[in-house]
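This is start_33.tsv. It holds TSV, C-alpha atoms and all ligand atoms.
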chain	number	residue	atom	x	y	z
A	17	MET	CA	-16.93	-40.58	3.64
A	18	GLU	CA	-17.55	-44.28	4.05
A	19	PRO	CA	-15.07	-46.16	6.28
A	20	GLY	CA	-12.52	-48.19	4.30
A	21	LYS	CA	-12.91	-46.05	1.14
A	22	ARG	CA	-9.82	-44.41	-0.36
A	23	LEU	CA	-9.51	-40.62	-0.37
A	24	THR	CA	-9.00	-39.46	-3.97
A	25	LEU	CA	-8.43	-36.03	-5.53
A	26	ASN	CA	-12.01	-36.32	-6.80
A	27	CYS	CA	-13.27	-36.52	-3.21
A	28	LEU	CA	-11.46	-33.25	-2.52
A	29	GLY	CA	-12.87	-31.68	-5.70
A	30	MET	CA	-9.33	-31.13	-6.98
A	31	ASN	CA	-7.44	-32.13	-10.11
A	32	ALA	CA	-3.73	-32.86	-10.49
A	33	ASN	CA	-3.01	-29.38	-11.84
A	34	GLN	CA	-4.58	-27.71	-8.82
A	35	VAL	CA	-2.44	-29.85	-6.54
A	36	GLY	CA	0.67	-29.13	-8.62
A	37	SER	CA	0.14	-25.38	-8.73
A	38	HIS	CA	-0.64	-25.16	-5.01
A	39	ASP	CA	2.50	-27.10	-4.19
A	40	THR	CA	4.84	-25.01	-6.38
A	41	THR	CA	3.33	-21.77	-5.11
A	42	ALA	CA	3.48	-22.86	-1.45
A	43	THR	CA	7.06	-24.09	-1.82
A	44	SER	CA	8.10	-20.81	-3.48
A	45	VAL	CA	6.52	-18.78	-0.69
A	46	ALA	CA	8.23	-20.98	1.93
A	47	TRP	CA	11.67	-20.49	0.32
A	48	SER	CA	11.03	-16.76	-0.09
A	49	LEU	CA	10.26	-16.45	3.63
A	50	TYR	CA	13.37	-18.47	4.43
A	51	LEU	CA	15.49	-16.11	2.28
A	52	LEU	CA	13.94	-13.05	3.95
A	53	SER	CA	14.80	-14.49	7.37
A	54	LYS	CA	18.34	-15.24	6.24
A	55	TYR	CA	18.98	-11.85	4.62
A	56	PRO	CA	17.58	-9.15	6.94
A	57	ALA	CA	18.87	-6.32	4.72
A	58	ILE	CA	16.67	-7.58	1.86
A	59	GLN	CA	13.77	-7.95	4.29
A	60	GLU	CA	14.24	-4.36	5.50
A	61	LYS	CA	14.36	-2.95	1.98
A	62	LEU	CA	11.26	-4.89	0.96
A	63	ARG	CA	9.36	-3.81	4.07
A	64	ALA	CA	10.29	-0.17	3.38
A	65	GLU	CA	8.98	-0.42	-0.18
A	66	ILE	CA	5.70	-2.02	0.93
A	67	ARG	CA	5.28	0.59	3.69
A	68	GLU	CA	5.87	3.40	1.23
A	69	HIS	CA	3.38	2.10	-1.33
A	70	SER	CA	0.78	0.51	0.98
A	71	LEU	CA	0.95	2.60	4.12
A	72	PHE	CA	-2.72	1.82	4.83
A	73	ARG	CA	-1.67	-1.72	5.77
A	74	PHE	CA	0.30	-0.34	8.70
A	75	ASP	CA	-1.36	3.00	9.50
A	76	PRO	CA	-5.20	3.06	9.72
A	77	SER	CA	-5.29	6.85	9.24
A	78	ALA	CA	-3.73	6.38	5.78
A	79	ARG	CA	-6.90	4.46	4.78
A	80	GLU	CA	-8.71	7.79	4.57
A	81	ASN	CA	-6.38	9.10	1.88
A	82	GLN	CA	-8.16	8.23	-1.37
A	83	GLN	CA	-5.15	9.10	-3.53
A	84	ARG	CA	-2.83	6.79	-1.59
A	85	LEU	CA	-5.35	3.95	-1.74
A	86	GLU	CA	-5.68	4.35	-5.48
A	87	ASN	CA	-1.91	4.32	-5.88
A	88	ALA	CA	-1.47	1.17	-3.80
A	89	ASP	CA	-1.02	-1.10	-6.78
A	90	ALA	CA	1.05	-4.28	-6.37
A	91	ASP	CA	2.57	-3.59	-9.80
A	92	GLN	CA	4.15	-0.45	-8.30
A	93	LEU	CA	6.44	-2.55	-6.11
A	94	PRO	CA	9.56	-3.10	-8.25
A	95	TYR	CA	11.68	-4.46	-5.41
A	96	LEU	CA	8.99	-7.02	-4.50
A	97	ASP	CA	8.87	-8.02	-8.17
A	98	ASN	CA	12.67	-8.36	-8.27
A	99	PHE	CA	12.71	-10.30	-5.02
A	100	CYS	CA	10.07	-12.81	-6.20
A	101	ARG	CA	11.94	-13.38	-9.47
A	102	GLU	CA	15.29	-13.66	-7.72
A	103	SER	CA	13.89	-16.06	-5.13
A	104	LEU	CA	12.56	-18.32	-7.92
A	105	ARG	CA	15.95	-18.18	-9.65
A	106	TYR	CA	17.98	-18.77	-6.51
A	107	ILE	CA	15.89	-21.66	-5.16
A	108	PRO	CA	13.51	-22.88	-7.89
A	109	SER	CA	10.60	-24.77	-6.35
A	110	ILE	CA	10.85	-27.26	-9.21
A	111	PRO	CA	14.62	-27.76	-9.22
A	112	THR	CA	14.68	-30.35	-12.00
A	113	THR	CA	12.47	-31.63	-14.75
A	114	VAL	CA	12.82	-34.42	-17.28
A	115	ARG	CA	12.06	-34.98	-20.96
A	116	GLN	CA	12.54	-37.80	-23.49
A	117	SER	CA	13.77	-36.87	-26.95
A	118	ILE	CA	11.50	-38.08	-29.77
A	119	VAL	CA	13.93	-37.74	-32.70
A	120	ASP	CA	17.70	-37.92	-33.18
A	121	ASP	CA	19.20	-34.48	-32.61
A	122	LYS	CA	22.40	-32.61	-31.78
A	123	LEU	CA	22.89	-30.66	-28.57
A	124	GLY	CA	26.01	-28.57	-29.06
A	125	GLU	CA	28.60	-31.10	-30.16
A	126	TYR	CA	26.72	-34.07	-28.65
A	127	MET	CA	24.61	-36.50	-30.66
A	128	VAL	CA	21.37	-37.19	-28.79
A	129	PRO	CA	19.57	-40.28	-30.11
A	130	ALA	CA	15.76	-40.51	-30.04
A	131	GLY	CA	14.50	-41.95	-26.77
A	132	THR	CA	17.21	-40.32	-24.62
A	133	THR	CA	16.14	-39.22	-21.15
A	134	ILE	CA	17.19	-35.61	-20.62
A	135	TYR	CA	17.35	-34.04	-17.17
A	136	ILE	CA	16.98	-30.26	-17.08
A	137	LEU	CA	18.55	-28.94	-13.88
A	138	ALA	CA	17.01	-25.53	-13.24
A	139	ASN	CA	18.79	-25.24	-9.90
A	140	ALA	CA	22.18	-25.54	-11.67
A	141	ILE	CA	21.28	-23.51	-14.78
A	142	ASN	CA	19.92	-20.69	-12.58
A	143	ARG	CA	23.39	-20.09	-11.14
A	144	LEU	CA	25.63	-20.70	-14.16
A	145	PRO	CA	28.29	-17.95	-14.42
A	146	GLN	CA	27.90	-17.77	-18.23
A	147	TYR	CA	24.30	-16.57	-17.75
A	148	TRP	CA	24.44	-14.85	-14.38
A	149	GLY	CA	28.02	-13.63	-14.18
A	150	THR	CA	29.82	-13.65	-10.88
A	151	HIS	CA	26.71	-12.85	-8.86
A	152	GLY	CA	24.93	-16.12	-9.74
A	153	ARG	CA	25.83	-17.68	-6.41
A	154	ARG	CA	24.55	-14.68	-4.45
A	155	ILE	CA	20.98	-13.52	-4.04
A	156	GLN	CA	20.73	-9.97	-5.33
A	157	PRO	CA	17.11	-8.89	-6.01
B	1	LIG	C1	5.64	-20.22	-8.15
B	1	LIG	C2	4.68	-20.99	-8.64
B	1	LIG	C3	4.88	-21.94	-9.78
B	1	LIG	C4	6.02	-22.53	-10.25
B	1	LIG	C5	7.46	-22.38	-9.73
B	1	LIG	C6	5.64	-23.36	-11.38
B	1	LIG	C7	6.52	-24.10	-12.13
B	1	LIG	C8	6.17	-24.86	-13.22
B	1	LIG	C9	7.12	-25.61	-14.02
B	1	LIG	C10	8.63	-25.69	-13.81
B	1	LIG	C11	6.41	-26.23	-14.99
B	1	LIG	C12	6.97	-27.14	-16.10
B	1	LIG	C13	7.08	-28.55	-15.58
B	1	LIG	C14	7.54	-29.48	-16.68
B	1	LIG	O1	7.01	-29.38	-17.79
B	1	LIG	O2	8.40	-30.33	-16.41
B	1	LIG	C15	5.01	-25.88	-14.80
B	1	LIG	C16	3.97	-26.31	-15.60
B	1	LIG	C17	2.67	-25.95	-15.44
B	1	LIG	N1	2.15	-25.12	-14.48
B	1	LIG	FE1	3.21	-24.20	-13.02
B	1	LIG	N2	4.29	-23.28	-11.55
B	1	LIG	C18	3.77	-22.43	-10.62
B	1	LIG	C19	2.45	-22.08	-10.43
B	1	LIG	C20	1.42	-22.49	-11.24
B	1	LIG	C21	0.04	-22.09	-11.07
B	1	LIG	C22	-0.46	-21.15	-9.97
B	1	LIG	C23	-0.66	-22.70	-12.05
B	1	LIG	C24	-2.12	-22.68	-12.37
B	1	LIG	C25	-2.97	-21.84	-11.82
B	1	LIG	C26	0.27	-23.49	-12.83
B	1	LIG	C27	-0.06	-24.26	-13.91
B	1	LIG	C28	0.82	-24.99	-14.67
B	1	LIG	C29	0.43	-25.77	-15.84
B	1	LIG	C30	-0.97	-25.90	-16.44
B	1	LIG	C31	1.61	-26.37	-16.32
B	1	LIG	C32	1.75	-27.31	-17.54
B	1	LIG	C33	2.02	-26.46	-18.75
B	1	LIG	C34	2.27	-27.32	-19.98
B	1	LIG	O3	2.85	-28.41	-19.87
B	1	LIG	O4	1.90	-26.88	-21.06
B	1	LIG	N3	1.52	-23.33	-12.30
B	1	LIG	N4	4.90	-25.04	-13.71
Encoded form (structure tokens):
Amino acid sequence: MEPGKRLTLNCLGMNANQVGSHDTTATSVAWSLYLLSKYPAIQEKLRAEIREHSLFRFDPSARENQQRLENADADQLPYLDNFCRESLRYIPSIPTTVRQSIVDDKLGEYMVPAGTTIYILANAINRLPQYWGTHGRRIQP
């Protein structure tokens, strides 16, 4: 690259969506690892499930068992699935988003005129007791 030239996404061969999706995915993984470090019981349970289903990752001799290899399907890991969903609920990597209303409307009992800026707070909604009951403030994959 020539000295003095600005580095753009084009130079990197990336578009805004690729940057956005990398960032959300990386942030979600980072928070998931944080949660696993904070809740060792969850980490233990998850490790046990992965060991059970993908023993070949830990035990080279298991790589010779054709049946086990064929059964090692990531979709057969319900606790991992639950944990990923629960991690996204508990600490959403996009905690808020914003919209502008285009027409007059009603939201519950509130009149919302066209042009109103509306903040959608996923991090608050994802723990509301009316949706999640009393466990909303706890992580429970
Ligand atoms: C854990 C990972 C991800 C999270 C938490 C996430 C979250 C989100 C959220 C909250 C939005 C809506 C933003 C808004 O409209 O204000 C969004 C939009 C979008 N995401 Fe992701 N995303 C993730 C991964 C990805 C990946 C991997 C891709 C592509 C390969 C992707 C592609 C898109 C696209 C194309 C939109 C715009 C959709 C539309 O407006 O019609 N995302 N994402």
Name all residues at most 6 Å from segment 105-121 of chain A (count all atoms listed in the file; drop same-chain ones fewer than 3 positions away) and give them as a ChimeraX atom specification.
-> /A:40,43-44,102,128-139,142
Min atom-atom distance to ligand LIG 1 (chain B) from the set A:Leu104, A:Leu52, A:Leu71, A:Leu62, counting only C-alpha atoms and all ligand atoms, belongs to A:Leu104
If you measure from atom CA of Tyr50 of chain A to atom C34 of ligand LIG 1 (chain B), what distance in Å do you get, rounded to one decimal?
-> 28.2 Å
With all atoms listed in the file as the basis for distance, which of A:Ala90, A:Leu49, A:Met127, A:Ala32 is at the shortest distance from ligand LIG 1 (chain B)?
->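 Between A:Ala90, A:Leu49, A:Met127, A:Ala32, the residue approaching ligand LIG 1 (chain B) most closely is A:Ala32.
Between ligand LIG 1 (chain B) and the residues A:Thr150, A:Asn81, A:Gln59, A:Thr41, the shortest atom-to-atom distance, using only C-alpha atoms and all ligand atoms, involves A:Thr41.
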Using all atoms of segment 70-87 of chain A listed in the file and a margin of 5 Å per side, can you give the axis-aligned box centre and edge lengths in Å to one decimal, as lines of an AutoDock Vina configuration file?
center_x = -3.9
center_y = 3.7
center_z = 1.9
size_x = 19.7
size_y = 20.8
size_z = 25.6
If you measure from atom CA of Lys54 of chain A to atom C1 of ligand LIG 1 (chain B), what distance in Å do you get, rounded to one decimal?
->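 Result for atom CA of Lys54 of chain A versus atom C1 of ligand LIG 1 (chain B): 19.8 Å, one decimal.
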How would segment 99-110 of chain A look with N, CA and C atoms restored, written as a CSV table (one decimal), in the frame of the given file?
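Everything below was put into result-v9.csv:
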chain,number,residue,atom,x,y,z
A,99,PHE,N,12.4,-9.3,-6.0
A,99,PHE,CA,12.7,-10.3,-5.0
A,99,PHE,C,12.0,-11.6,-5.4
A,100,CYS,N,10.8,-11.6,-5.8
A,100,CYS,CA,10.1,-12.8,-6.2
A,100,CYS,C,10.8,-13.5,-7.3
A,101,ARG,N,11.2,-12.8,-8.3
A,101,ARG,CA,11.9,-13.4,-9.5
A,101,ARG,C,13.3,-14.0,-9.0
A,102,GLU,N,14.0,-13.2,-8.2
A,102,GLU,CA,15.3,-13.7,-7.7
A,102,GLU,C,15.2,-14.9,-6.8
A,103,SER,N,14.1,-14.9,-6.0
A,103,SER,CA,13.9,-16.1,-5.1
A,103,SER,C,13.6,-17.3,-6.0
A,104,LEU,N,12.8,-17.2,-7.1
A,104,LEU,CA,12.6,-18.3,-7.9
A,104,LEU,C,13.8,-18.8,-8.7
A,105,ARG,N,14.7,-17.8,-9.0
A,105,ARG,CA,16.0,-18.2,-9.6
A,105,ARG,C,16.8,-18.9,-8.6
A,106,TYR,N,17.0,-18.3,-7.5
A,106,TYR,CA,18.0,-18.8,-6.5
A,106,TYR,C,17.6,-20.2,-6.0
A,107,ILE,N,16.3,-20.3,-5.6
A,107,ILE,CA,15.9,-21.7,-5.2
A,107,ILE,C,14.6,-22.0,-5.9
A,108,PRO,N,14.7,-22.6,-7.1
A,108,PRO,CA,13.5,-22.9,-7.9
A,108,PRO,C,12.7,-24.0,-7.2
A,109,SER,N,11.4,-23.8,-7.1
A,109,SER,CA,10.6,-24.8,-6.4
A,109,SER,C,10.4,-26.1,-7.1
A,110,ILE,N,10.7,-26.0,-8.4
A,110,ILE,CA,10.8,-27.3,-9.2
A,110,ILE,C,12.3,-27.3,-9.7
